[in-house]
>>> print(open('run_39.cif').read())   # mmCIF, C-alpha atoms
data_run
loop_
_atom_site.label_atom_id
_atom_site.label_comp_id
_atom_site.auth_asym_id
_atom_site.auth_seq_id
_atom_site.Cartn_x
_atom_site.Cartn_y
_atom_site.Cartn_z
CA MET X 17 0.00 0.00 0.00
CA VAL X 18 2.79 2.36 0.96
CA ALA X 19 4.62 1.48 -2.23
CA LEU X 20 1.52 2.30 -4.28
CA VAL X 21 1.18 5.71 -2.61
CA ILE X 22 4.84 6.45 -3.28
CA ILE X 23 4.49 5.48 -6.95
CA LEU X 24 1.36 7.64 -7.32
CA ALA X 25 3.13 10.56 -5.67
CA LEU X 26 6.06 10.20 -8.08
CA VAL X 27 3.67 10.09 -11.03
CA VAL X 28 1.94 13.26 -9.81
CA VAL X 29 5.27 15.02 -9.41
CA LEU X 30 6.36 13.87 -12.87
CA LEU X 31 3.13 15.12 -14.42
CA GLY X 32 3.53 18.42 -12.57
CA VAL X 33 7.01 18.88 -14.06
CA LEU X 34 5.65 18.03 -17.49
CA VAL X 35 2.82 20.59 -17.20
CA ALA X 36 5.26 23.25 -15.98
CA GLY X 37 7.48 22.57 -18.99
CA LEU X 38 4.55 22.88 -21.35
CA LEU X 39 3.49 26.16 -19.75
CA ARG X 40 7.05 27.47 -20.06
CA SER X 41 7.16 26.48 -23.73
CA HIS X 42 3.82 28.16 -24.33
CA ALA X 43 5.08 31.32 -22.68
CA ASP X 44 8.19 31.30 -24.89
CA ILE X 45 6.01 31.00 -27.99
CA LEU X 46 3.79 33.88 -26.89
CA LYS X 47 6.83 36.01 -26.18
CA ALA X 48 8.24 35.26 -29.63
CA LEU X 49 4.92 36.19 -31.21
CA HIS X 50 4.96 39.45 -29.29
CA ASP X 51 8.42 40.17 -30.57
CA LEU X 52 7.17 39.64 -34.11
CA GLY X 53 4.28 42.02 -33.48
CA ALA X 54 1.63 39.35 -33.79
CA GLY X 55 0.97 38.61 -30.17
CA VAL X 56 -1.88 39.51 -27.84
CA GLY X 57 -1.82 41.84 -24.89
CA ASP X 58 0.31 44.97 -24.61
CA PRO X 59 3.94 44.33 -25.25
CA ALA X 60 4.80 48.04 -25.44
CA GLY X 61 8.18 48.91 -24.13
CA GLU X 62 9.72 45.50 -24.27
CA HIS X 63 10.16 44.76 -27.95
CA LEU X 64 12.67 45.38 -30.65
CA HIS X 65 10.27 46.76 -33.22
CA GLN X 66 8.45 49.29 -31.15
CA GLY X 67 7.20 52.07 -33.39
CA THR X 68 7.34 50.16 -36.63
CA ALA X 69 3.87 48.66 -36.42
CA ASP X 70 0.58 50.26 -35.48
CA ARG X 71 -1.38 48.48 -32.80
CA SER X 72 -5.13 48.65 -32.62
CA PRO X 73 -7.07 48.75 -29.33
CA THR X 74 -7.81 45.05 -29.73
CA GLY X 75 -4.16 44.21 -29.85
CA ALA X 76 -4.06 43.38 -33.54
CA THR X 77 -1.14 44.85 -35.42
CA SER X 78 -0.80 46.38 -38.85
CA GLY X 79 1.95 48.08 -40.79
CA PRO X 80 5.42 47.01 -41.85
CA LEU X 81 7.74 45.01 -39.70
CA THR X 82 11.35 46.07 -39.56
CA ILE X 83 13.89 43.39 -40.23
CA GLY X 84 17.50 44.14 -39.52
CA PRO X 85 18.93 47.36 -38.15
CA GLN X 86 16.72 50.41 -38.34
CA LEU X 87 17.61 53.15 -40.81
CA PRO X 88 18.66 56.49 -39.41
CA ALA X 89 15.68 58.67 -38.57
CA GLU X 90 16.31 60.98 -41.51
CA ARG X 91 16.38 58.15 -44.04
CA ASP X 92 13.72 55.95 -45.55
CA SER X 93 13.13 54.13 -48.79
CA SER X 94 12.46 57.32 -50.75
CA SER X 95 14.96 59.70 -49.20
CA ALA X 96 17.58 61.10 -51.53
CA PRO X 97 20.88 61.88 -49.82
CA ASP X 98 23.45 63.95 -51.66
CA VAL X 99 26.12 62.09 -53.57
CA ALA X 100 29.72 62.73 -52.60
CA GLY X 101 32.92 60.97 -53.50
CA VAL X 102 35.86 61.23 -55.83
CA THR X 103 36.06 61.50 -59.59
CA PRO X 104 37.96 59.00 -61.74
CA GLU X 105 40.71 61.64 -61.96
CA GLY X 106 41.12 61.58 -58.18
CA ASP X 107 39.42 64.90 -57.50
CA ALA X 108 36.61 65.37 -55.03
CA ARG X 109 33.03 66.04 -55.99
CA ALA X 110 29.72 66.46 -54.19
CA ILE X 111 26.40 66.82 -55.96
CA PRO X 112 23.17 67.74 -54.22
CA VAL X 113 20.24 65.85 -55.64
CA GLY X 114 17.31 66.66 -53.37
CA ASP X 115 17.34 70.36 -53.95
CA GLY X 116 16.12 72.84 -56.51
CA ASP X 117 13.47 72.75 -59.17
CA ARG X 118 14.96 69.98 -61.28
CA PHE X 119 15.34 66.24 -61.55
CA THR X 120 18.52 64.27 -61.02
CA LEU X 121 18.90 60.91 -62.70
CA LEU X 122 21.49 58.79 -60.93
CA ALA X 123 22.93 56.01 -63.07
CA PHE X 124 24.68 53.41 -60.94
CA LEU X 125 27.10 51.68 -63.27
CA SER X 126 30.22 49.57 -63.07
CA SER X 127 33.02 49.04 -65.52
CA GLY X 128 32.73 45.28 -65.58
CA CYS X 129 29.08 44.54 -66.29
CA SER X 130 28.29 43.92 -69.93
CA THR X 131 24.88 45.58 -69.80
CA CYS X 132 26.50 48.74 -68.50
CA ALA X 133 28.55 48.99 -71.68
CA ASN X 134 25.46 50.23 -73.54
CA PHE X 135 25.11 53.07 -71.10
CA TRP X 136 28.79 54.01 -71.02
CA THR X 137 28.62 54.26 -74.81
CA ALA X 138 25.44 56.34 -74.68
CA PHE X 139 26.83 58.68 -72.03
CA ALA X 140 29.79 59.51 -74.24
CA ALA X 141 27.35 61.62 -76.26
CA PRO X 142 24.91 63.04 -73.70
CA GLU X 143 23.45 65.46 -76.22
CA ARG X 144 21.91 62.48 -78.00
CA LEU X 145 20.31 60.90 -74.94
CA GLY X 146 16.92 62.50 -75.44
CA LEU X 147 16.49 63.39 -71.79
CA PRO X 148 13.90 66.07 -71.09
CA ASP X 149 15.02 69.53 -70.11
CA GLY X 150 15.60 70.03 -66.42
CA VAL X 151 17.03 66.56 -65.84
CA ARG X 152 20.62 66.19 -64.76
CA LEU X 153 22.35 62.89 -65.38
CA VAL X 154 25.01 61.76 -62.90
CA VAL X 155 26.90 58.47 -63.10
CA VAL X 156 27.75 56.85 -59.79
CA THR X 157 30.23 54.00 -59.62
CA LYS X 158 31.54 52.29 -56.54
CA GLY X 159 34.48 53.91 -54.85
CA PRO X 160 38.11 53.45 -55.93
CA GLU X 161 38.48 50.64 -53.42
CA LEU X 162 35.98 48.54 -55.41
CA GLU X 163 36.11 50.03 -58.89
CA ILE X 164 39.05 50.62 -61.22
CA ALA X 165 39.24 54.35 -61.76
CA ALA X 166 41.18 53.99 -65.00
CA GLU X 167 38.39 51.84 -66.43
CA VAL X 168 35.76 54.55 -66.00
CA ARG X 169 37.96 57.60 -66.60
CA GLY X 170 36.94 59.49 -69.71
CA ARG X 171 34.16 57.08 -70.65
CA ALA X 172 31.29 59.46 -69.98
CA ARG X 173 30.87 63.14 -70.74
CA VAL X 174 28.62 63.59 -67.75
CA PRO X 175 29.62 63.96 -64.10
CA VAL X 176 30.99 60.72 -62.67
CA VAL X 177 31.22 60.26 -58.92
CA MET X 178 32.88 57.21 -57.38
CA SER X 179 31.19 56.52 -54.07
CA THR X 180 30.49 53.17 -52.46
CA GLU X 181 28.61 55.06 -49.77
CA ALA X 182 26.09 56.30 -52.33
CA TRP X 183 25.42 52.72 -53.41
CA GLY X 184 24.60 51.94 -49.81
CA ASP X 185 22.53 55.07 -49.33
CA TYR X 186 20.36 54.22 -52.31
CA GLU X 187 20.32 50.47 -51.55
CA VAL X 188 21.46 49.67 -55.08
CA PRO X 189 20.98 45.94 -55.72
CA GLY X 190 23.29 45.73 -58.74
CA SER X 191 24.30 47.49 -61.90
CA PRO X 192 22.97 48.98 -64.04
CA PHE X 193 20.45 50.68 -61.78
CA PHE X 194 18.75 54.04 -62.14
CA VAL X 195 17.25 56.35 -59.55
CA LEU X 196 15.24 59.46 -60.38
CA VAL X 197 15.09 62.17 -57.73
CA ASP X 198 12.65 65.06 -57.75
CA GLY X 199 14.52 68.06 -56.41
CA ARG X 200 11.32 69.87 -55.51
CA SER X 201 10.26 67.21 -53.03
CA GLY X 202 13.75 65.92 -52.32
CA ARG X 203 12.48 62.36 -52.74
CA ARG X 204 13.13 59.44 -55.02
CA ILE X 205 10.21 59.11 -57.38
CA GLY X 206 11.43 56.20 -59.45
CA GLU X 207 14.10 53.54 -59.54
CA GLY X 208 14.83 50.35 -61.38
CA VAL X 209 16.82 48.59 -64.05
CA ALA X 210 16.87 49.00 -67.81
CA SER X 211 18.88 47.63 -70.66
CA HIS X 212 18.78 50.60 -73.03
CA PHE X 213 18.75 54.29 -72.29
CA PRO X 214 15.68 55.21 -74.39
CA GLN X 215 13.65 53.14 -71.94
CA VAL X 216 15.02 55.21 -69.11
CA ALA X 217 14.47 58.50 -70.90
CA ASP X 218 10.85 57.65 -71.56
CA LEU X 219 10.25 56.70 -67.95
CA VAL X 220 11.85 59.96 -66.86
CA ARG X 221 9.49 61.91 -69.11
CA ARG X 222 6.52 60.10 -67.61
CA ALA X 223 7.72 60.63 -64.07
CA GLN X 224 8.24 64.28 -64.79
CA VAL X 225 4.65 64.64 -65.92
CA ASP X 226 3.33 62.56 -63.04
CA ALA X 227 5.17 64.81 -60.62
CA GLY X 228 3.24 67.76 -61.96
CA TYR X 229 5.94 69.32 -64.11
CA PRO X 230 4.94 70.64 -67.52
CA ARG X 231 5.54 68.14 -70.25
CA SER X 232 8.87 68.80 -71.93
CA THR X 233 10.39 67.55 -75.11
CA PRO X 234 13.68 65.74 -75.39
CA SER X 235 16.65 68.08 -75.47
CA THR X 236 17.43 66.92 -78.98
CA PRO X 237 14.18 65.96 -80.69
CA GLY X 238 14.51 63.33 -83.33
CA GLN X 239 17.78 61.99 -82.02
CA LEU X 240 16.34 59.21 -79.92
CA ASP X 241 17.48 55.72 -80.73
CA ASN X 242 13.88 54.71 -81.19
CA PRO X 243 12.16 55.31 -84.50
CA PRO X 244 10.37 58.64 -84.60
CA GLY X 245 6.98 58.38 -82.99
CA GLN X 246 7.65 55.01 -81.48
CA LEU X 247 7.26 56.33 -77.98
CA ASP X 248 4.96 59.17 -78.86
CA ASN X 249 1.29 58.74 -78.36
CA PRO X 250 -1.81 59.70 -80.27
CA PRO X 251 -2.79 63.32 -79.80
CA GLY X 252 -4.47 63.84 -76.48
CA GLN X 253 -3.79 60.33 -75.30
CA LEU X 254 -1.09 61.37 -72.89
CA ASP X 255 -1.81 65.03 -72.43
CA ASN X 256 -1.68 64.48 -68.74
CA PRO X 257 -3.36 66.74 -66.24
CA PRO X 258 -1.06 68.66 -63.88
CA GLY X 259 -1.48 66.05 -61.17
CA GLY X 260 -0.51 63.24 -63.52
CA LEU X 261 -2.50 60.33 -64.83
CA ASP X 262 -4.37 58.07 -62.49
CA GLY X 263 -6.74 55.14 -62.61
CA PRO X 264 -7.93 53.89 -65.99
CA ALA X 265 -6.16 56.69 -67.88
CA ARG X 266 -2.84 55.62 -66.42
CA GLU X 267 -3.57 52.00 -67.24
CA ARG X 268 -4.41 52.92 -70.84
CA ALA X 269 -1.20 54.92 -71.11
CA ASN X 270 0.84 51.99 -69.83
CA ASP X 271 -0.86 49.62 -72.25
CA LEU X 272 -0.11 52.00 -75.09
CA VAL X 273 3.58 52.10 -74.29
CA LEU X 274 3.71 48.32 -74.03
CA ARG X 275 1.95 47.92 -77.36
CA ASN X 276 4.32 50.40 -78.99
CA ALA X 277 7.18 48.31 -77.67
CA GLY X 278 5.66 45.19 -79.19
CA ILE X 279 4.61 43.73 -75.86
CA LEU X 280 1.06 42.45 -76.16
CA PRO X 281 -1.17 40.67 -73.63
CA GLY X 282 0.25 37.26 -72.83
CA ASP X 283 3.81 38.22 -73.78
CA PRO X 284 6.18 35.93 -71.84
CA SER X 285 8.21 38.93 -70.66
CA LEU X 286 5.25 39.92 -68.51
CA TYR X 287 5.49 36.70 -66.54
CA PRO X 288 9.11 36.14 -65.49
CA ARG X 289 9.71 32.79 -63.89
CA SER X 290 13.28 33.25 -62.79
CA LEU X 291 15.95 35.90 -62.51
CA ASP X 292 17.20 34.80 -65.93
CA ASP X 293 13.99 36.25 -67.36
CA VAL X 294 14.58 39.60 -65.67
CA PHE X 295 18.30 40.22 -66.05
CA GLU X 296 20.20 40.07 -69.26
CA PRO X 297 23.06 37.58 -69.47
CA GLY X 298 26.12 39.09 -67.89
CA ALA X 299 24.27 41.71 -65.89
CA GLU X 300 25.18 41.97 -62.23
CA ARG X 301 22.50 40.59 -60.00
CA PRO X 302 21.54 41.35 -56.43
CA MET G 24 25.56 68.07 -45.47
CA THR G 25 28.19 66.16 -47.35
CA SER G 26 31.94 66.19 -47.05
CA VAL G 27 34.57 66.10 -49.76
CA ALA G 28 38.33 66.29 -49.58
CA ALA G 29 41.13 66.27 -52.12
CA HIS G 30 44.51 67.90 -52.68
CA GLY G 31 44.75 69.03 -49.08
CA ILE G 32 41.45 70.89 -49.11
CA GLY G 33 38.39 69.63 -47.29
CA ALA G 34 34.86 70.94 -47.25
CA THR G 35 31.74 70.11 -45.35
CA ILE G 36 29.26 71.35 -47.87
CA PRO G 37 26.00 72.90 -46.66
CA SER G 38 22.76 71.55 -48.01
CA GLY G 39 21.97 72.87 -51.45
CA PHE G 40 25.58 73.39 -52.46
CA GLU G 41 27.47 71.42 -55.06
CA GLY G 42 31.22 71.19 -54.74
CA ARG G 43 34.31 69.91 -56.44
CA ILE G 44 37.99 70.11 -55.62
CA PHE G 45 40.34 69.48 -58.49
CA VAL G 46 43.65 70.23 -60.16
CA ARG G 47 43.58 71.09 -63.83
CA PRO G 48 45.70 68.99 -66.18
CA ARG G 49 49.21 70.24 -66.62
CA VAL G 50 49.84 71.98 -69.93
CA GLY G 51 53.48 72.37 -70.94
CA ASP G 52 55.59 73.68 -68.09
CA GLU G 53 52.64 75.09 -66.24
CA GLN G 54 52.26 74.08 -62.64
CA PRO G 55 48.55 73.92 -61.80
CA TYR G 56 47.35 74.14 -58.21
CA PRO G 57 44.16 73.00 -56.54
CA VAL G 58 40.90 74.78 -57.19
CA ALA G 59 37.63 74.30 -55.33
CA HIS G 60 34.31 75.30 -56.85
CA PHE G 61 31.08 75.55 -54.90
CA ALA G 62 27.69 76.47 -56.29
CA THR G 63 24.01 76.28 -55.50
CA PHE G 64 23.23 75.34 -59.09
CA PRO G 65 24.47 72.52 -61.32
CA LEU G 66 28.01 73.29 -62.32
CA PRO G 67 28.72 72.79 -66.01
CA ASP G 68 31.52 70.42 -66.88
CA GLN G 69 33.74 73.14 -68.23
CA VAL G 70 34.03 76.08 -65.88
CA GLY G 71 36.79 78.64 -65.75
CA ASP G 72 38.80 78.88 -62.58
CA PHE G 73 36.88 81.98 -61.52
CA GLY G 74 33.49 80.98 -62.78
CA GLY G 75 33.63 81.65 -66.49
CA GLY G 76 30.85 79.60 -68.03
CA ALA G 77 29.02 79.30 -64.72
CA VAL G 78 28.19 82.76 -63.39
CA ASN G 79 26.13 83.49 -66.47
CA LEU G 80 23.87 80.57 -65.49
CA MET G 81 23.13 81.91 -62.02
CA GLY G 82 19.67 82.79 -60.84
CA PRO G 83 19.04 85.58 -58.35
CA THR G 84 19.14 83.20 -55.39
CA ASP G 85 22.30 81.40 -56.48
CA ILE G 86 25.83 81.51 -55.13
CA PHE G 87 29.11 80.64 -56.80
CA ALA G 88 32.35 80.48 -54.82
CA VAL G 89 35.96 79.63 -55.64
CA LEU G 90 38.91 78.75 -53.47
CA PHE G 91 41.97 79.07 -55.70
CA GLU G 92 45.52 78.24 -54.64
CA TYR G 93 48.59 80.04 -55.92
CA GLY G 94 52.15 78.82 -56.08
CA PRO G 95 54.62 79.04 -53.19
CA GLU G 96 56.32 82.02 -54.84
CA SER G 97 53.33 84.04 -53.68
CA LEU G 98 54.00 83.34 -50.04
CA ALA G 99 55.21 86.25 -47.95
CA THR G 100 54.11 88.79 -50.56
CA LYS G 101 51.98 91.70 -49.48
CA LEU G 102 48.95 90.45 -51.40
CA PHE G 103 48.83 87.31 -49.27
CA ALA G 104 49.83 88.95 -45.98
CA ARG G 105 46.48 88.22 -44.38
CA MET G 106 46.81 85.06 -42.30
CA GLY G 107 43.81 82.79 -42.30
CA MET G 108 40.73 82.42 -44.44
CA PRO G 109 37.90 84.86 -43.80
CA ARG G 110 35.19 82.97 -41.98
CA THR G 111 32.50 85.57 -41.52
CA LEU G 112 31.61 87.96 -44.30
CA THR G 113 29.10 90.77 -44.11
CA THR G 114 26.74 92.18 -46.69
CA GLY G 115 29.07 95.17 -46.93
CA ASP G 116 31.85 92.93 -48.24
CA PHE G 117 29.94 92.27 -51.46
CA ARG G 118 29.98 94.90 -54.17
CA PRO G 119 28.57 94.89 -57.69
CA TYR G 120 31.90 96.07 -59.11
CA VAL G 121 33.97 93.30 -57.51
CA LEU G 122 33.24 90.84 -60.27
CA ARG G 123 35.55 89.05 -62.64
CA ARG G 124 32.75 89.23 -65.15
CA GLY G 125 30.35 92.07 -64.58
CA LEU G 126 26.83 90.77 -64.91
CA GLY G 127 23.96 93.02 -64.04
CA GLY G 128 22.46 92.47 -60.61
CA GLN G 129 25.27 90.29 -59.30
CA SER G 130 27.85 91.22 -56.71
CA GLY G 131 31.06 89.68 -55.50
CA THR G 132 33.84 89.64 -52.99
CA GLN G 133 37.44 88.52 -53.18
CA TRP G 134 39.99 87.88 -50.45
CA PHE G 135 43.66 86.97 -50.68
CA PHE G 136 45.21 85.21 -47.71
CA THR G 137 47.56 82.51 -46.50
CA GLU G 138 46.08 79.46 -44.82
CA SER G 139 48.18 76.64 -43.38
CA GLY G 140 51.20 77.96 -45.22
CA ARG G 141 49.47 77.97 -48.61
CA PRO G 142 48.46 81.10 -50.55
CA PHE G 143 44.83 81.30 -51.64
CA THR G 144 42.18 83.60 -52.93
CA PHE G 145 38.51 83.18 -52.08
CA TYR G 146 36.10 84.66 -54.59
CA ALA G 147 32.33 84.51 -54.23
CA VAL G 148 29.52 85.76 -56.45
CA LEU G 149 25.93 86.38 -55.39
CA GLY G 150 23.22 86.02 -57.99
CA SER G 151 21.52 89.16 -56.74
CA HIS G 152 23.11 92.02 -54.86
CA ALA G 153 19.63 93.01 -53.69
CA ARG G 154 19.27 89.66 -51.94
CA ARG G 155 22.66 89.69 -50.25
CA GLY G 156 21.00 89.74 -46.85
CA SER G 157 19.77 86.20 -47.30
CA LEU G 158 22.68 84.94 -49.41
CA VAL G 159 25.68 86.05 -47.36
CA PRO G 160 24.81 83.75 -44.42
CA LYS G 161 24.93 80.84 -46.86
CA VAL G 162 28.39 81.89 -47.99
CA ASN G 163 29.45 82.03 -44.34
CA ALA G 164 28.05 78.55 -43.76
CA LEU G 165 30.16 77.36 -46.67
CA LEU G 166 33.29 79.10 -45.36
CA ALA G 167 32.81 77.55 -41.94
CA GLY G 168 33.17 74.08 -43.40
CA ILE G 169 36.34 74.59 -45.47
CA THR G 170 39.62 73.25 -44.14
CA VAL G 171 43.13 73.42 -45.58
CA ASN G 172 45.95 71.06 -44.74
CA ALA G 173 49.54 72.17 -44.77
CA GLY G 174 52.25 70.90 -47.05
CA VAL G 175 50.33 69.21 -49.84
CA ASN G 176 51.91 68.86 -53.25
CA PRO G 177 49.32 69.00 -55.99
CA THR G 178 49.21 66.10 -58.37
CA ALA G 179 47.94 67.16 -61.74
CA PRO G 180 47.14 64.92 -64.66
CA THR G 181 49.49 65.55 -67.55
CA GLY G 182 48.47 66.31 -71.09
CA GLY G 183 45.17 65.59 -72.72
CA SER G 184 42.04 67.63 -72.57
CA PRO G 185 40.63 68.85 -69.28
CA PRO G 186 38.58 66.25 -67.46
CA TRP G 187 34.84 66.55 -67.59
CA ASN G 188 34.71 66.46 -63.85
#
>>> encode(input="run_39.cif", output="structure tokens")
Amino acid sequence: MVALVIILALVVVLLGVLVAGLLRSHADILKALHDLGAGVGDPAGEHLHQGTADRSPTGATSGPLTIGPQLPAERDSSSAPDVAGVTPEGDARAIPVGDGDRFTLLAFLSSGCSTCANFWTAFAAPERLGLPDGVRLVVVTKGPELEIAAEVRGRARVPVVMSTEAWGDYEVPGSPFFVLVDGRSGRRIGEGVASHFPQVADLVRRAQVDAGYPRSTPSTPGQLDNPPGQLDNPPGQLDNPPGGLDGPARERANDLVLRNAGILPGDPSLYPRSLDDVFEPGAERP
Amino acid sequence: MTSVAAHGIGATIPSGFEGRIFVRPRVGDEQPYPVAHFATFPLPDQVGDFGGGAVNLMGPTDIFAVLFEYGPESLATKLFARMGMPRTLTTGDFRPYVLRRGLGGQSGTQWFFTESGRPFTFYAVLGSHARRGSLVPKVNALLAGITVNAGVNPTAPTGGSPPWN
């Protein structure tokens, strides 16, 4: 009888330890959920991501989660810090981009990527680029510690700044990469990759109109690489209002540009399946 | 604000200013020395040492400034007797007739001095003399961020056409 009582007592103790372990595990899971911003209760003041997600009175969260170190307070995904570094000749140069009543187009290039060669060639004759008035083109390569200055020296007749810091500031994933900054707002209003400069120039023109600037013509009409009228639109089709196109009008304008480029509904380029479908062979990838 | 430095000259550039510090390519036996250009408007690729090709592009709220170094033969001459760069200018220092290129409405100032054992001139142009009250503080903010190191030998590219930068 005594032995039975002892065995039962041991079983009870064992079960108690098991339950305590389960409760501890459950608490760890809840704490982890709180840290991810998806928990219940009020975790304010004890979490890494305080301030990055809005919390409703019911405890539900919304808004972006921050992964990794937080950006400085003055920086976010559309901020446009000035570009400063050295030139391929070894001089110093700083260019403000978020200031004034103009656009700055930053072209992040490298000497080694094959796709960049198109742009280096194009930038040797900037008067033929077809950029709208009021847009300043600046080439940014990585700094001399990561880029060969002699390889980029004299290749472009536009300002060239070598600055690894700028690549970090603008979170450049690879080259070629373009960023358009609106000096009036001091913000990035467009960024992405392209394989030929006429694509970039056309996007700049659109962004300029969307930002409320009067529509301008290329600095050298008729000298675009595209056939005349290829990127122009039927009269009135893209006579955008001051606030830019929106809704169905914007969709129609996009469709028109795609059709002019020979990209029709169902075109495989609209449905990339891998990075090979997005980047040209030889282009640097993120 | 951004910082640049080259050829023994450093500058913490106030917001809205563009800057470059360079040495022109050597031509023949000429010995070029460092030049620093600062402007509140996009500087063209080819600009004269004292703003030729740039001052004509200025708007009324623009500023163009040059820090130009001379050779060591200028040291200890009366022109460069002033020791130290001027750091605080007043509206009275700018005059419409102190301009390398007299453009209507503009005004300028020029100072010769020796800084860290190197002879310099600082020349600044305001886009509008009438607006000097709001522009001179910006020039002073620029001056506050310029530093000069002693004993730097300029290294100039030789031959060829001037660089686009």
>>> resolve_selection(input="run_39.cif", expression="the PyMOL selection byres ((chain X and resi 139) around 10)", output="PyMOL selection string")
chain X and resi 133-138+140-145+153-155+171-175+213
>>> resolve_selection(input="run_39.cif", expression="the PyMOL selection byres ((chain G) within 7 of (chain X))", output="list in words")
Thr25, Ser26, Val27, Ala28, Ala29, Gly39, Phe40, Glu41, Gly42, Arg43, Ile44, Phe45, Trp187 and Asn188 of chain G
>>> resolve_selection(input="run_39.cif", expression="the PyMOL selection byres ((chain G and resi 91) around 12)", output="PyMOL selection string")
chain G and resi 30+32+43-47+55-61+71-74+88-90+92-94+108+133-138+141-147+171
>>> atom_distance(input="run_39.cif", atom1="atom CA of His42 of chain X", atom2="atom CA of Val29 of chain X")
19.9 Å
>>> closest_residue(input="run_39.cif", among="X:Phe193, X:Phe295, X:Phe119, X:Tyr229", to="Leu147 of chain X", atoms="all atoms listed in the file")
X:Phe119
>>> axis_aligned_box(input="run_39.cif", around="segment 32-44 of chain X", padding_each_side="4 Å", output="lines of an AutoDock Vina configuration file")
center_x = 5.5
center_y = 24.7
center_z = -18.7
size_x = 13.4
size_y = 21.3
size_z = 20.3
>>> atom_distance(input="run_39.cif", atom1="atom CA of Phe87 of chain G", atom2="atom CA of Gly33 of chain G")
17.3 Å
>>> atom_distance(input="run_39.cif", atom1="atom CA of Thr120 of chain X", atom2="atom CA of Pro67 of chain G")
14.2 Å
>>> residues_near_point(input="run_39.cif", point="(24.6, 90.3, -47.9)", cutoff="6 Å", atoms="only C-alpha atoms", output="tab-separated table (two decimals) with C-alpha atoms, in the coordinates of the input")
chain	number	residue	atom	x	y	z
G	113	THR	CA	29.10	90.77	-44.11
G	114	THR	CA	26.74	92.18	-46.69
G	155	ARG	CA	22.66	89.69	-50.25
G	156	GLY	CA	21.00	89.74	-46.85
G	158	LEU	CA	22.68	84.94	-49.41
G	159	VAL	CA	25.68	86.05	-47.36
>>> closest_residue(input="run_39.cif", among="X:Ser179, X:Asp198, X:Val156, X:Val18", to="Gly228 of chain X", atoms="all atoms listed in the file")
X:Asp198
>>> residues_around(input="run_39.cif", residues="Thr111 of chain G", least_positions_apart="2", cutoff="12 Å", atoms="all atoms listed in the file", output="PyMOL selection string")
chain G and resi 107-109+113-116+134+159-168
>>> write_last_selection(input="run_39.cif", atoms="C-alpha atoms", output="tab-separated table (two decimals), in the frame of the given file")
chain	number	residue	atom	x	y	z
G	107	GLY	CA	43.81	82.79	-42.30
G	108	MET	CA	40.73	82.42	-44.44
G	109	PRO	CA	37.90	84.86	-43.80
G	113	THR	CA	29.10	90.77	-44.11
G	114	THR	CA	26.74	92.18	-46.69
G	115	GLY	CA	29.07	95.17	-46.93
G	116	ASP	CA	31.85	92.93	-48.24
G	134	TRP	CA	39.99	87.88	-50.45
G	159	VAL	CA	25.68	86.05	-47.36
G	160	PRO	CA	24.81	83.75	-44.42
G	161	LYS	CA	24.93	80.84	-46.86
G	162	VAL	CA	28.39	81.89	-47.99
G	163	ASN	CA	29.45	82.03	-44.34
G	164	ALA	CA	28.05	78.55	-43.76
G	165	LEU	CA	30.16	77.36	-46.67
G	166	LEU	CA	33.29	79.10	-45.36
G	167	ALA	CA	32.81	77.55	-41.94
G	168	GLY	CA	33.17	74.08	-43.40
